[in-house]
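Asks: Structure file target13.cif (mmCIF, C-alpha atoms) right here:
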data_query
loop_
_atom_site.group_PDB
_atom_site.id
_atom_site.type_symbol
_atom_site.label_atom_id
_atom_site.label_comp_id
_atom_site.auth_asym_id
_atom_site.auth_seq_id
_atom_site.Cartn_x
_atom_site.Cartn_y
_atom_site.Cartn_z
ATOM 1 C CA MET A 1 0.000 0.000 0.000
ATOM 2 C CA PHE A 2 2.754 2.391 0.997
ATOM 3 C CA SER A 3 4.830 1.675 -2.098
ATOM 4 C CA SER A 4 1.780 2.180 -4.341
ATOM 5 C CA HIS A 5 1.012 5.623 -2.841
ATOM 6 C CA PHE A 6 4.682 6.536 -2.967
ATOM 7 C CA PHE A 7 4.881 5.560 -6.646
ATOM 8 C CA GLU A 8 1.763 7.609 -7.486
ATOM 9 C CA ALA A 9 3.125 10.656 -5.640
ATOM 10 C CA ALA A 10 6.484 10.340 -7.354
ATOM 11 C CA LEU A 11 4.809 10.001 -10.760
ATOM 12 C CA LEU A 12 2.627 13.056 -10.097
ATOM 13 C CA MET A 13 5.624 15.122 -9.036
ATOM 14 C CA LYS A 14 7.594 13.992 -12.089
ATOM 15 C CA THR A 15 4.677 14.959 -14.343
ATOM 16 C CA LYS A 16 4.470 18.442 -12.784
ATOM 17 C CA ILE A 17 8.207 18.950 -13.195
ATOM 18 C CA LEU A 18 8.052 17.883 -16.846
ATOM 19 C CA LEU A 19 5.118 20.262 -17.455
ATOM 20 C CA CYS A 20 7.018 23.154 -15.856
ATOM 21 C CA LEU A 21 10.139 22.393 -17.902
ATOM 22 C CA SER A 22 8.053 22.114 -21.065
ATOM 23 C CA THR A 23 6.414 25.474 -20.364
ATOM 24 C CA VAL A 24 9.754 27.163 -19.726
ATOM 25 C CA SER A 25 11.165 25.625 -22.904
ATOM 26 C CA LEU A 26 8.156 26.793 -24.913
ATOM 27 C CA LEU A 27 8.498 30.333 -23.603
ATOM 28 C CA ALA A 28 12.221 30.292 -24.303
ATOM 29 C CA VAL A 29 11.682 29.146 -27.887
ATOM 30 C CA SER A 30 8.857 31.621 -28.549
ATOM 31 C CA ASP A 31 10.215 34.524 -26.512
ATOM 32 C CA ILE A 32 10.120 36.945 -29.439
ATOM 33 C CA THR A 33 6.431 36.624 -30.241
ATOM 34 C CA PHE A 34 5.384 36.111 -26.603
ATOM 35 C CA ALA A 35 7.314 39.100 -25.287
ATOM 36 C CA ASN A 36 6.186 41.399 -28.092
ATOM 37 C CA ASP A 37 2.513 40.451 -28.244
ATOM 38 C CA VAL A 38 1.497 39.230 -24.784
ATOM 39 C CA LYS A 39 2.071 40.695 -21.344
ATOM 40 C CA VAL A 40 1.705 38.788 -18.088
ATOM 41 C CA TYR A 41 0.503 41.066 -15.302
ATOM 42 C CA GLY A 42 -1.111 40.857 -11.907
ATOM 43 C CA ARG A 43 -1.535 42.053 -8.360
ATOM 44 C CA VAL A 44 -1.060 40.325 -5.028
ATOM 45 C CA HIS A 45 -2.823 42.225 -2.257
ATOM 46 C CA ALA A 46 -3.301 40.653 1.172
ATOM 47 C CA GLY A 47 -3.296 41.689 4.786
ATOM 48 C CA LEU A 48 -4.268 41.167 8.396
ATOM 49 C CA GLN A 49 -7.823 42.334 9.120
ATOM 50 C CA PHE A 50 -9.832 42.666 12.323
ATOM 51 C CA SER A 51 -13.620 42.752 11.921
ATOM 52 C CA ASP A 52 -16.362 43.329 14.483
ATOM 53 C CA THR A 53 -19.779 42.729 12.919
ATOM 54 C CA GLY A 54 -21.772 43.266 16.109
ATOM 55 C CA ASP A 55 -22.666 39.595 16.473
ATOM 56 C CA ASP A 56 -19.106 38.325 16.163
ATOM 57 C CA ASP A 57 -15.511 39.487 15.834
ATOM 58 C CA GLU A 58 -12.537 37.860 14.174
ATOM 59 C CA THR A 59 -8.968 38.450 13.088
ATOM 60 C CA SER A 60 -8.116 36.905 9.728
ATOM 61 C CA ILE A 61 -5.827 37.008 6.712
ATOM 62 C CA LYS A 62 -7.663 38.360 3.666
ATOM 63 C CA SER A 63 -7.009 38.914 -0.004
ATOM 64 C CA TYR A 64 -8.204 42.141 -1.612
ATOM 65 C CA ALA A 65 -9.008 41.322 -5.246
ATOM 66 C CA SER A 66 -5.605 39.783 -5.992
ATOM 67 C CA ARG A 67 -5.462 38.999 -9.684
ATOM 68 C CA MET A 68 -3.443 37.672 -12.578
ATOM 69 C CA GLY A 69 -3.907 37.936 -16.306
ATOM 70 C CA LEU A 70 -2.645 38.002 -19.844
ATOM 71 C CA LYS A 71 -3.201 40.809 -22.314
ATOM 72 C CA GLY A 72 -1.878 41.562 -25.744
ATOM 73 C CA LYS A 73 -2.454 42.946 -29.195
ATOM 74 C CA ALA A 74 -1.469 42.279 -32.781
ATOM 75 C CA LYS A 75 -1.391 44.680 -35.704
ATOM 76 C CA VAL A 76 -3.702 43.814 -38.587
ATOM 77 C CA ASN A 77 -2.685 46.833 -40.675
ATOM 78 C CA ASP A 78 -1.605 50.423 -40.099
ATOM 79 C CA GLY A 79 -5.048 51.430 -38.886
ATOM 80 C CA LEU A 80 -6.324 48.362 -37.072
ATOM 81 C CA ASP A 81 -5.215 46.238 -34.104
ATOM 82 C CA VAL A 82 -6.660 43.099 -32.548
ATOM 83 C CA PHE A 83 -6.409 42.901 -28.747
ATOM 84 C CA PHE A 84 -7.410 40.596 -25.909
ATOM 85 C CA LYS A 85 -7.456 40.286 -22.120
ATOM 86 C CA TYR A 86 -7.819 37.164 -20.001
ATOM 87 C CA GLU A 87 -7.908 38.030 -16.290
ATOM 88 C CA PHE A 88 -8.714 36.015 -13.163
ATOM 89 C CA GLU A 89 -9.126 36.912 -9.513
ATOM 90 C CA VAL A 90 -6.886 34.681 -7.413
ATOM 91 C CA ASN A 91 -7.363 34.353 -3.668
ATOM 92 C CA PRO A 92 -4.012 33.221 -2.190
ATOM 93 C CA VAL A 93 -5.378 32.930 1.358
ATOM 94 C CA ASP A 94 -8.642 31.061 0.695
ATOM 95 C CA ASN A 95 -8.981 27.609 2.292
ATOM 96 C CA ASP A 96 -11.870 25.281 2.954
ATOM 97 C CA LYS A 97 -12.636 23.717 6.336
ATOM 98 C CA ASP A 98 -10.070 20.961 5.761
ATOM 99 C CA GLY A 99 -7.290 23.453 5.099
ATOM 100 C CA LYS A 100 -7.166 22.699 1.385
ATOM 101 C CA SER A 101 -7.356 25.257 -1.372
ATOM 102 C CA GLY A 102 -10.930 26.349 -1.974
ATOM 103 C CA ASP A 103 -12.515 27.811 -5.089
ATOM 104 C CA ASN A 104 -9.893 30.530 -5.228
ATOM 105 C CA ILE A 105 -9.960 31.355 -8.954
ATOM 106 C CA THR A 106 -12.809 33.365 -10.483
ATOM 107 C CA ALA A 107 -13.250 35.156 -13.800
ATOM 108 C CA ARG A 108 -12.685 38.892 -14.142
ATOM 109 C CA SER A 109 -12.532 40.798 -17.451
ATOM 110 C CA GLN A 110 -12.053 38.422 -20.396
ATOM 111 C CA TYR A 111 -12.579 39.607 -23.954
ATOM 112 C CA VAL A 112 -11.291 39.972 -27.506
ATOM 113 C CA GLY A 113 -11.687 43.025 -29.712
ATOM 114 C CA VAL A 114 -10.508 45.322 -32.492
ATOM 115 C CA LYS A 115 -9.256 48.896 -32.232
ATOM 116 C CA GLY A 116 -8.797 51.568 -34.870
ATOM 117 C CA LYS A 117 -9.202 55.266 -35.547
ATOM 118 C CA TYR A 118 -12.973 54.982 -35.080
ATOM 119 C CA GLY A 119 -12.675 53.529 -31.577
ATOM 120 C CA GLU A 120 -12.690 49.996 -30.238
ATOM 121 C CA VAL A 121 -15.184 47.151 -30.067
ATOM 122 C CA LEU A 122 -14.809 44.195 -27.711
ATOM 123 C CA VAL A 123 -16.811 41.025 -27.096
ATOM 124 C CA GLY A 124 -16.797 39.015 -23.871
ATOM 125 C CA ARG A 125 -16.884 39.748 -20.142
ATOM 126 C CA ASN A 126 -16.096 43.263 -18.939
ATOM 127 C CA ASP A 127 -16.988 46.032 -16.488
ATOM 128 C CA THR A 128 -20.078 47.926 -17.550
ATOM 129 C CA PRO A 129 -19.704 51.608 -18.481
ATOM 130 C CA VAL A 130 -21.536 52.528 -15.251
ATOM 131 C CA LYS A 131 -18.927 50.654 -13.220
ATOM 132 C CA LYS A 132 -16.072 52.148 -15.257
ATOM 133 C CA SER A 133 -17.480 55.646 -14.898
ATOM 134 C CA GLN A 134 -16.533 55.859 -11.208
ATOM 135 C CA GLY A 135 -12.889 56.288 -12.177
ATOM 136 C CA LYS A 136 -10.701 56.505 -9.053
ATOM 137 C CA VAL A 137 -13.217 58.247 -6.797
ATOM 138 C CA ASP A 138 -13.661 55.148 -4.591
ATOM 139 C CA LEU A 139 -10.501 55.327 -2.454
ATOM 140 C CA MET A 140 -11.559 52.197 -0.549
ATOM 141 C CA ASN A 141 -11.843 50.148 -3.734
ATOM 142 C CA ASP A 142 -11.345 46.394 -3.104
ATOM 143 C CA PHE A 143 -11.491 46.897 0.676
ATOM 144 C CA THR A 144 -14.450 46.076 2.946
ATOM 145 C CA SER A 145 -15.857 49.581 2.484
ATOM 146 C CA ASP A 146 -15.666 49.472 -1.317
ATOM 147 C CA ASN A 147 -18.697 51.437 -2.512
ATOM 148 C CA LYS A 148 -20.371 48.180 -3.634
ATOM 149 C CA ALA A 149 -20.904 47.395 0.065
ATOM 150 C CA LEU A 150 -23.883 49.787 0.018
ATOM 151 C CA PHE A 151 -24.322 50.508 -3.714
ATOM 152 C CA ALA A 152 -25.754 48.674 -6.694
ATOM 153 C CA GLY A 153 -24.258 49.124 -10.156
ATOM 154 C CA ASP A 154 -20.718 47.733 -9.923
ATOM 155 C CA ASN A 155 -21.301 44.973 -12.471
ATOM 156 C CA ARG A 156 -18.890 42.898 -14.538
ATOM 157 C CA LEU A 157 -20.965 40.893 -17.009
ATOM 158 C CA GLY A 158 -20.418 38.369 -19.767
ATOM 159 C CA ASP A 159 -22.215 38.166 -23.122
ATOM 160 C CA THR A 160 -21.267 41.803 -23.664
ATOM 161 C CA ILE A 161 -20.544 43.824 -26.795
ATOM 162 C CA GLN A 162 -18.901 47.103 -25.842
ATOM 163 C CA TYR A 163 -17.945 50.106 -27.967
ATOM 164 C CA THR A 164 -15.593 52.887 -26.834
ATOM 165 C CA SER A 165 -15.278 55.983 -28.984
ATOM 166 C CA PRO A 166 -11.978 57.726 -29.715
ATOM 167 C CA SER A 167 -11.068 60.472 -27.244
ATOM 168 C CA LEU A 168 -11.798 63.962 -28.549
ATOM 169 C CA ASN A 169 -10.650 66.863 -26.357
ATOM 170 C CA HIS A 170 -10.495 64.387 -23.435
ATOM 171 C CA MET A 171 -14.112 63.323 -24.019
ATOM 172 C CA LYS A 172 -15.192 59.786 -24.917
ATOM 173 C CA PHE A 173 -18.315 57.611 -24.874
ATOM 174 C CA ILE A 174 -18.749 53.971 -23.881
ATOM 175 C CA VAL A 175 -21.769 51.813 -24.727
ATOM 176 C CA SER A 176 -22.365 48.171 -23.752
ATOM 177 C CA TYR A 177 -25.066 45.805 -24.955
ATOM 178 C CA ILE A 178 -25.604 42.935 -22.493
ATOM 179 C CA ALA A 179 -27.350 39.903 -23.953
ATOM 180 C CA GLU A 180 -30.258 38.224 -22.198
ATOM 181 C CA ASP A 181 -28.156 35.416 -20.671
ATOM 182 C CA ASN A 182 -26.106 37.850 -18.566
ATOM 183 C CA SER A 183 -28.432 40.775 -18.003
ATOM 184 C CA LYS A 184 -29.531 38.862 -14.872
ATOM 185 C CA GLN A 185 -33.207 39.108 -15.744
ATOM 186 C CA ASP A 186 -35.381 36.746 -17.734
ATOM 187 C CA GLY A 187 -36.319 37.752 -21.236
ATOM 188 C CA GLU A 188 -34.559 41.121 -21.158
ATOM 189 C CA THR A 189 -31.383 42.544 -22.618
ATOM 190 C CA GLY A 190 -29.502 45.357 -20.922
ATOM 191 C CA LEU A 191 -27.867 48.583 -22.046
ATOM 192 C CA SER A 192 -25.155 50.483 -20.161
ATOM 193 C CA MET A 193 -23.573 53.720 -21.365
ATOM 194 C CA ALA A 194 -21.347 56.523 -20.118
ATOM 195 C CA GLY A 195 -19.934 59.853 -21.217
ATOM 196 C CA VAL A 196 -16.520 60.537 -19.693
ATOM 197 C CA TYR A 197 -14.341 63.639 -19.585
ATOM 198 C CA GLY A 198 -10.712 63.628 -18.504
ATOM 199 C CA ASP A 199 -8.190 61.176 -17.174
ATOM 200 C CA SER A 200 -9.279 59.102 -14.161
ATOM 201 C CA LYS A 201 -5.667 59.137 -12.871
ATOM 202 C CA LEU A 202 -5.667 62.973 -13.104
ATOM 203 C CA LYS A 203 -2.335 63.015 -14.926
ATOM 204 C CA LYS A 204 -3.464 64.421 -18.285
ATOM 205 C CA THR A 205 -6.270 66.565 -16.875
ATOM 206 C CA SER A 206 -6.863 68.108 -13.454
ATOM 207 C CA ILE A 207 -10.575 67.183 -13.516
ATOM 208 C CA TYR A 208 -12.360 63.906 -14.197
ATOM 209 C CA ALA A 209 -16.149 63.817 -14.703
ATOM 210 C CA SER A 210 -18.695 61.321 -15.991
ATOM 211 C CA ILE A 211 -22.386 60.674 -16.379
ATOM 212 C CA ALA A 212 -23.603 57.095 -16.848
ATOM 213 C CA ARG A 213 -26.830 55.162 -17.222
ATOM 214 C CA ASP A 214 -27.854 51.501 -16.842
ATOM 215 C CA THR A 215 -31.134 50.388 -18.406
ATOM 216 C CA LYS A 216 -32.344 46.939 -17.398
ATOM 217 C CA VAL A 217 -28.916 45.805 -16.207
ATOM 218 C CA ALA A 218 -28.829 43.277 -13.355
ATOM 219 C CA GLY A 219 -32.486 44.055 -12.650
ATOM 220 C CA ARG A 220 -31.990 47.793 -12.141
ATOM 221 C CA ASP A 221 -32.074 51.156 -13.867
ATOM 222 C CA ILE A 222 -29.269 53.377 -12.574
ATOM 223 C CA THR A 223 -28.121 56.930 -13.216
ATOM 224 C CA ARG A 224 -24.675 57.856 -11.895
ATOM 225 C CA PHE A 225 -22.735 61.152 -11.751
ATOM 226 C CA VAL A 226 -19.038 61.392 -10.823
ATOM 227 C CA VAL A 227 -16.612 64.282 -10.472
ATOM 228 C CA GLN A 228 -13.068 64.324 -9.110
ATOM 229 C CA GLY A 229 -10.408 67.011 -9.163
ATOM 230 C CA LYS A 230 -6.880 67.775 -8.044
ATOM 231 C CA LEU A 231 -5.971 70.826 -5.971
ATOM 232 C CA GLY A 232 -2.225 70.815 -5.368
ATOM 233 C CA ASP A 233 -1.444 67.789 -3.220
ATOM 234 C CA ALA A 234 -5.125 67.189 -2.467
ATOM 235 C CA THR A 235 -7.624 65.191 -4.536
ATOM 236 C CA ILE A 236 -11.351 65.567 -3.848
ATOM 237 C CA GLY A 237 -14.171 63.618 -5.460
ATOM 238 C CA GLY A 238 -17.801 62.684 -5.264
ATOM 239 C CA LEU A 239 -20.269 60.181 -6.722
ATOM 240 C CA TYR A 240 -24.056 60.373 -6.707
ATOM 241 C CA GLN A 241 -26.439 57.784 -8.097
ATOM 242 C CA GLN A 242 -30.129 57.057 -8.233
ATOM 243 C CA SER A 243 -31.199 53.447 -8.632
ATOM 244 C CA GLU A 244 -34.499 51.663 -8.946
ATOM 245 C CA LYS A 245 -35.522 48.102 -9.662
ATOM 246 C CA VAL A 246 -36.888 47.454 -13.148
ATOM 247 C CA ASP A 247 -40.667 47.971 -13.306
ATOM 248 C CA SER A 248 -40.611 49.773 -9.960
ATOM 249 C CA ASP A 249 -40.970 53.435 -9.017
ATOM 250 C CA ASP A 250 -39.152 53.090 -5.677
ATOM 251 C CA SER A 251 -35.774 54.788 -6.126
ATOM 252 C CA VAL A 252 -32.704 54.608 -3.909
ATOM 253 C CA ASP A 253 -30.359 57.590 -3.557
ATOM 254 C CA SER A 254 -26.700 56.961 -2.727
ATOM 255 C CA PHE A 255 -23.536 59.044 -2.656
ATOM 256 C CA VAL A 256 -19.819 58.927 -1.911
ATOM 257 C CA VAL A 257 -17.415 61.748 -1.049
ATOM 258 C CA SER A 258 -13.694 61.105 -0.852
ATOM 259 C CA ALA A 259 -10.460 63.009 -0.312
ATOM 260 C CA SER A 260 -6.769 62.206 -0.315
ATOM 261 C CA TYR A 261 -3.695 64.267 0.525
ATOM 262 C CA LYS A 262 -0.073 63.565 -0.395
ATOM 263 C CA LEU A 263 2.510 63.868 2.355
ATOM 264 C CA PRO A 264 6.320 63.799 2.208
ATOM 265 C CA ASN A 265 8.167 60.461 2.021
ATOM 266 C CA SER A 266 5.537 58.863 -0.264
ATOM 267 C CA TYR A 267 2.699 58.863 2.290
ATOM 268 C CA LYS A 268 -0.912 59.627 1.380
ATOM 269 C CA LEU A 269 -3.864 60.228 3.711
ATOM 270 C CA LEU A 270 -7.235 58.790 2.675
ATOM 271 C CA ALA A 271 -10.772 59.617 3.816
ATOM 272 C CA GLN A 272 -14.160 58.525 2.501
ATOM 273 C CA TYR A 273 -17.831 58.664 3.431
ATOM 274 C CA GLN A 274 -20.662 56.834 1.683
ATOM 275 C CA ASP A 275 -24.397 56.752 2.296
ATOM 276 C CA SER A 276 -27.331 54.838 0.838
ATOM 277 C CA ASP A 277 -31.018 55.032 1.774
ATOM 278 C CA GLY A 278 -31.830 51.588 0.354
ATOM 279 C CA ALA A 279 -30.716 47.988 0.837
ATOM 280 C CA GLU A 280 -28.953 47.364 -2.475
ATOM 281 C CA GLY A 281 -25.279 46.565 -1.915
ATOM 282 C CA LYS A 282 -23.327 43.604 -0.644
ATOM 283 C CA LEU A 283 -24.456 44.259 2.937
ATOM 284 C CA GLU A 284 -28.112 44.331 1.843
ATOM 285 C CA ASP A 285 -28.867 47.184 4.199
ATOM 286 C CA SER A 286 -29.173 50.954 4.162
ATOM 287 C CA GLY A 287 -26.915 53.207 6.183
ATOM 288 C CA ASN A 288 -23.507 54.792 5.884
ATOM 289 C CA SER A 289 -19.818 54.089 6.276
ATOM 290 C CA THR A 290 -16.882 56.272 7.289
ATOM 291 C CA SER A 291 -13.339 55.276 6.364
ATOM 292 C CA VAL A 292 -9.893 56.708 7.043
ATOM 293 C CA GLY A 293 -6.519 55.338 6.034
ATOM 294 C CA VAL A 294 -2.928 55.948 5.071
ATOM 295 C CA GLU A 295 -1.065 54.660 2.031
ATOM 296 C CA LYS A 296 2.718 54.268 1.961
ATOM 297 C CA LYS A 297 4.343 53.809 -1.431
ATOM 298 C CA LEU A 298 7.358 51.547 -0.999
ATOM 299 C CA SER A 299 8.456 51.433 -4.637
ATOM 300 C CA LYS A 300 6.992 51.734 -8.115
ATOM 301 C CA GLN A 301 5.346 48.333 -7.684
ATOM 302 C CA ALA A 302 4.765 47.957 -3.929
ATOM 303 C CA ARG A 303 2.713 49.837 -1.342
ATOM 304 C CA MET A 304 1.189 49.345 2.109
ATOM 305 C CA TYR A 305 -2.165 50.411 3.572
ATOM 306 C CA LEU A 306 -3.478 50.929 7.075
ATOM 307 C CA TRP A 307 -7.191 51.679 7.142
ATOM 308 C CA TYR A 308 -10.253 51.710 9.398
ATOM 309 C CA SER A 309 -13.936 51.641 8.392
ATOM 310 C CA LYS A 310 -17.099 51.952 10.447
ATOM 311 C CA PHE A 311 -20.543 51.002 9.118
ATOM 312 C CA SER A 312 -23.635 52.479 10.749
ATOM 313 C CA LEU A 313 -26.495 50.363 9.414
ATOM 314 C CA ASP A 314 -30.249 50.750 9.763
ATOM 315 C CA ASN A 315 -31.455 47.161 10.157
ATOM 316 C CA THR A 316 -28.410 45.138 11.237
ATOM 317 C CA PRO A 317 -25.706 45.667 13.869
ATOM 318 C CA ASP A 318 -23.034 48.269 13.192
ATOM 319 C CA GLN A 319 -19.658 47.037 11.960
ATOM 320 C CA ASP A 320 -16.017 47.999 12.505
ATOM 321 C CA HIS A 321 -13.158 46.855 10.284
ATOM 322 C CA MET A 322 -9.436 47.607 10.427
ATOM 323 C CA ALA A 323 -6.569 46.185 8.364
ATOM 324 C CA LEU A 324 -2.883 46.403 7.551
ATOM 325 C CA THR A 325 -2.228 45.280 3.973
ATOM 326 C CA LEU A 326 0.613 44.877 1.484
ATOM 327 C CA ARG A 327 0.128 45.195 -2.278
ATOM 328 C CA TYR A 328 2.500 44.283 -5.098
ATOM 329 C CA ASP A 329 1.757 44.963 -8.789
ATOM 330 C CA PHE A 330 3.614 43.288 -11.622
#
Show me this structure written as structure tokens.
Replies:
Amino acid sequence: MFSSHFFEAALLMKTKILLCLSTVSLLAVSDITFANDVKVYGRVHAGLQFSDTGDDDETSIKSYASRMGLKGKAKVNDGLDVFFKYEFEVNPVDNDKDGKSGDNITARSQYVGVKGKYGEVLVGRNDTPVKKSQGKVDLMNDFTSDNKALFAGDNRLGDTIQYTSPSLNHMKFIVSYIAEDNSKQDGETGLSMAGVYGDSKLKKTSIYASIARDTKVAGRDITRFVVQGKLGDATIGGLYQQSEKVDSDDSVDSFVVSASYKLPNSYKLLAQYQDSDGAEGKLEDSGNSTSVGVEKKLSKQARMYLWYSKFSLDNTPDQDHMALTLRYDF
């Protein structure tokens, strides 16, 4: 019995080694085309988090939307390129009750498309224009107090055809058609669109603004307004949206205000407040959250965060969350 298990383990290990060597050899042989056309990228973001949900408290290791992907493009002619992205969320700290790896790989944006002087068209799974329209205004993005905790509208859907216009004087338009299978409602297709001005990173322009609309997307109609601007070392932004379920007149108003301030030695202070008067987000409750934090940039690729968030909810116990995290982009 022992020798049989030992032989199987040895054979499995040998197979894995041969696969790794084969992959390395393949990359070495095709390094010209692979390096020129395809880029491997990703983010590992994890930390130690303390959470008090009112009914229970725990200290745990969490991943904050760690991801890995491939993206690339190929020139068809002087005016047209083909491009693709294949991205997955990877949870490096997720385990099941037996301590084994759980379902720690999920799909993110995955699509193929063409791009030319008249804009770009892609087909596949991608963030809706409403989700994209928020830019960088959500300073707690990927953390517990990400605006999707209390908001609807942050959708990434498959069966999508999306068109993005060329930028003209820093203005562009994005339109997505979501087929029935992924509009998350029977017998209906969805439409999401946004008009965007400026650079969301505030490097090319000092102001970013957008207006976006979902019609029959994930069971809701949503209108969203975003504005963010830079004043010296400070960045201030806000998001307002009105949402209502399809075939309903009951609307939910939600908003976010955020501010950051750069300090010497690559530190940045973060503050954010969000409020929603309806139970639409991940927490399925109305209420508000207040968050403060500090970001320390360690290098071009690495940074650390220390943040605290408090949720004051209307129908469930209040929550407190605090974490120290490390992020590395490659």
Asks: Do a neighbour search on region 203-208 of chain A at 9 Å with all atoms listed in the file, toss out local chain neighbours closer than 6 positions, and write the hits as a list in words.
Replies: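 Here the qualifying residues turn out to be Gly135, His170, Val196, Tyr197, Val226, Val227, Gln228, Gly229, Lys230, Leu231 and Gly237 of chain A.
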Asks: Measure the distance from CA of Asp314 (chain A) to CA of Gln241 (chain A) in Å and round it to one decimal.
Replies: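 Interatomic distance here is 19.6 Å.
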Asks: Rank nothing, just name the residue among A:Ile174, A:Ala65, A:Leu283, A:Val114 nearest to Asn77 (chain A), using all atoms listed in the file.
Replies: A:Val114
Asks: Identify all residues satisfying the PyMOL selection byres ((chain A and resi 209-216) around 7) in the given file; provide them as a tab-separated table (two decimals) with C-alpha atoms, keeping the file's coordinate frame.
Replies:
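Final output, saved to part29.tsv:
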chain	number	residue	atom	x	y	z
A	129	PRO	CA	-19.70	51.61	-18.48
A	130	VAL	CA	-21.54	52.53	-15.25
A	133	SER	CA	-17.48	55.65	-14.90
A	189	THR	CA	-31.38	42.54	-22.62
A	190	GLY	CA	-29.50	45.36	-20.92
A	191	LEU	CA	-27.87	48.58	-22.05
A	192	SER	CA	-25.16	50.48	-20.16
A	193	MET	CA	-23.57	53.72	-21.36
A	194	ALA	CA	-21.35	56.52	-20.12
A	195	GLY	CA	-19.93	59.85	-21.22
A	196	VAL	CA	-16.52	60.54	-19.69
A	197	TYR	CA	-14.34	63.64	-19.58
A	198	GLY	CA	-10.71	63.63	-18.50
A	207	ILE	CA	-10.58	67.18	-13.52
A	208	TYR	CA	-12.36	63.91	-14.20
A	217	VAL	CA	-28.92	45.80	-16.21
A	218	ALA	CA	-28.83	43.28	-13.36
A	219	GLY	CA	-32.49	44.06	-12.65
A	220	ARG	CA	-31.99	47.79	-12.14
A	221	ASP	CA	-32.07	51.16	-13.87
A	222	ILE	CA	-29.27	53.38	-12.57
A	223	THR	CA	-28.12	56.93	-13.22
A	224	ARG	CA	-24.68	57.86	-11.90
A	225	PHE	CA	-22.74	61.15	-11.75
A	226	VAL	CA	-19.04	61.39	-10.82
A	227	VAL	CA	-16.61	64.28	-10.47
A	228	GLN	CA	-13.07	64.32	-9.11
A	246	VAL	CA	-36.89	47.45	-13.15
Asks: Just to confirm, what's the straight-line distance from CA of Ile61 (chain A) to CA of Gly42 (chain A) in Å (one decimal)?
Replies: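 The value is 19.6 Å.
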Asks: Name the closest residue to Ser63 (chain A) among the candidates A:Ser243, A:Asn147, A:Thr325, A:Ser109; distances are taken between atoms, counting all atoms listed in the file.
Replies: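 Ranking A:Ser243, A:Asn147, A:Thr325, A:Ser109 by distance to Ser63 (chain A), first place goes to A:Thr325.
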Asks: For Val76 (chain A), which of A:Thr106, A:Leu313, A:Gly113, A:Phe88 is the closest residue, counting only C-alpha atoms?
Replies: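 For Val76 (chain A), the nearest of the given residues is A:Gly113.
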Asks: Which residues match the PyMOL selection byres ((chain A and resi 56) around 12) in the file above, as a list of chain:residue names?
Replies: A:Phe50, A:Ser51, A:Asp52, A:Thr53, A:Gly54, A:Asp55, A:Asp57, A:Glu58, A:Thr59, A:Pro317, A:Asp318, A:Gln319, A:Asp320, A:His321
Asks: Would you list the contacts of Arg156 (chain A) as JSON, numbers by chain, taking every protein, DNA or RNA residue within 7 Å and counting all atoms listed in the file, but skipping same-chain residues closer than 2 positions in sequence?
Replies: {"A": [125, 126, 127, 128, 154]}
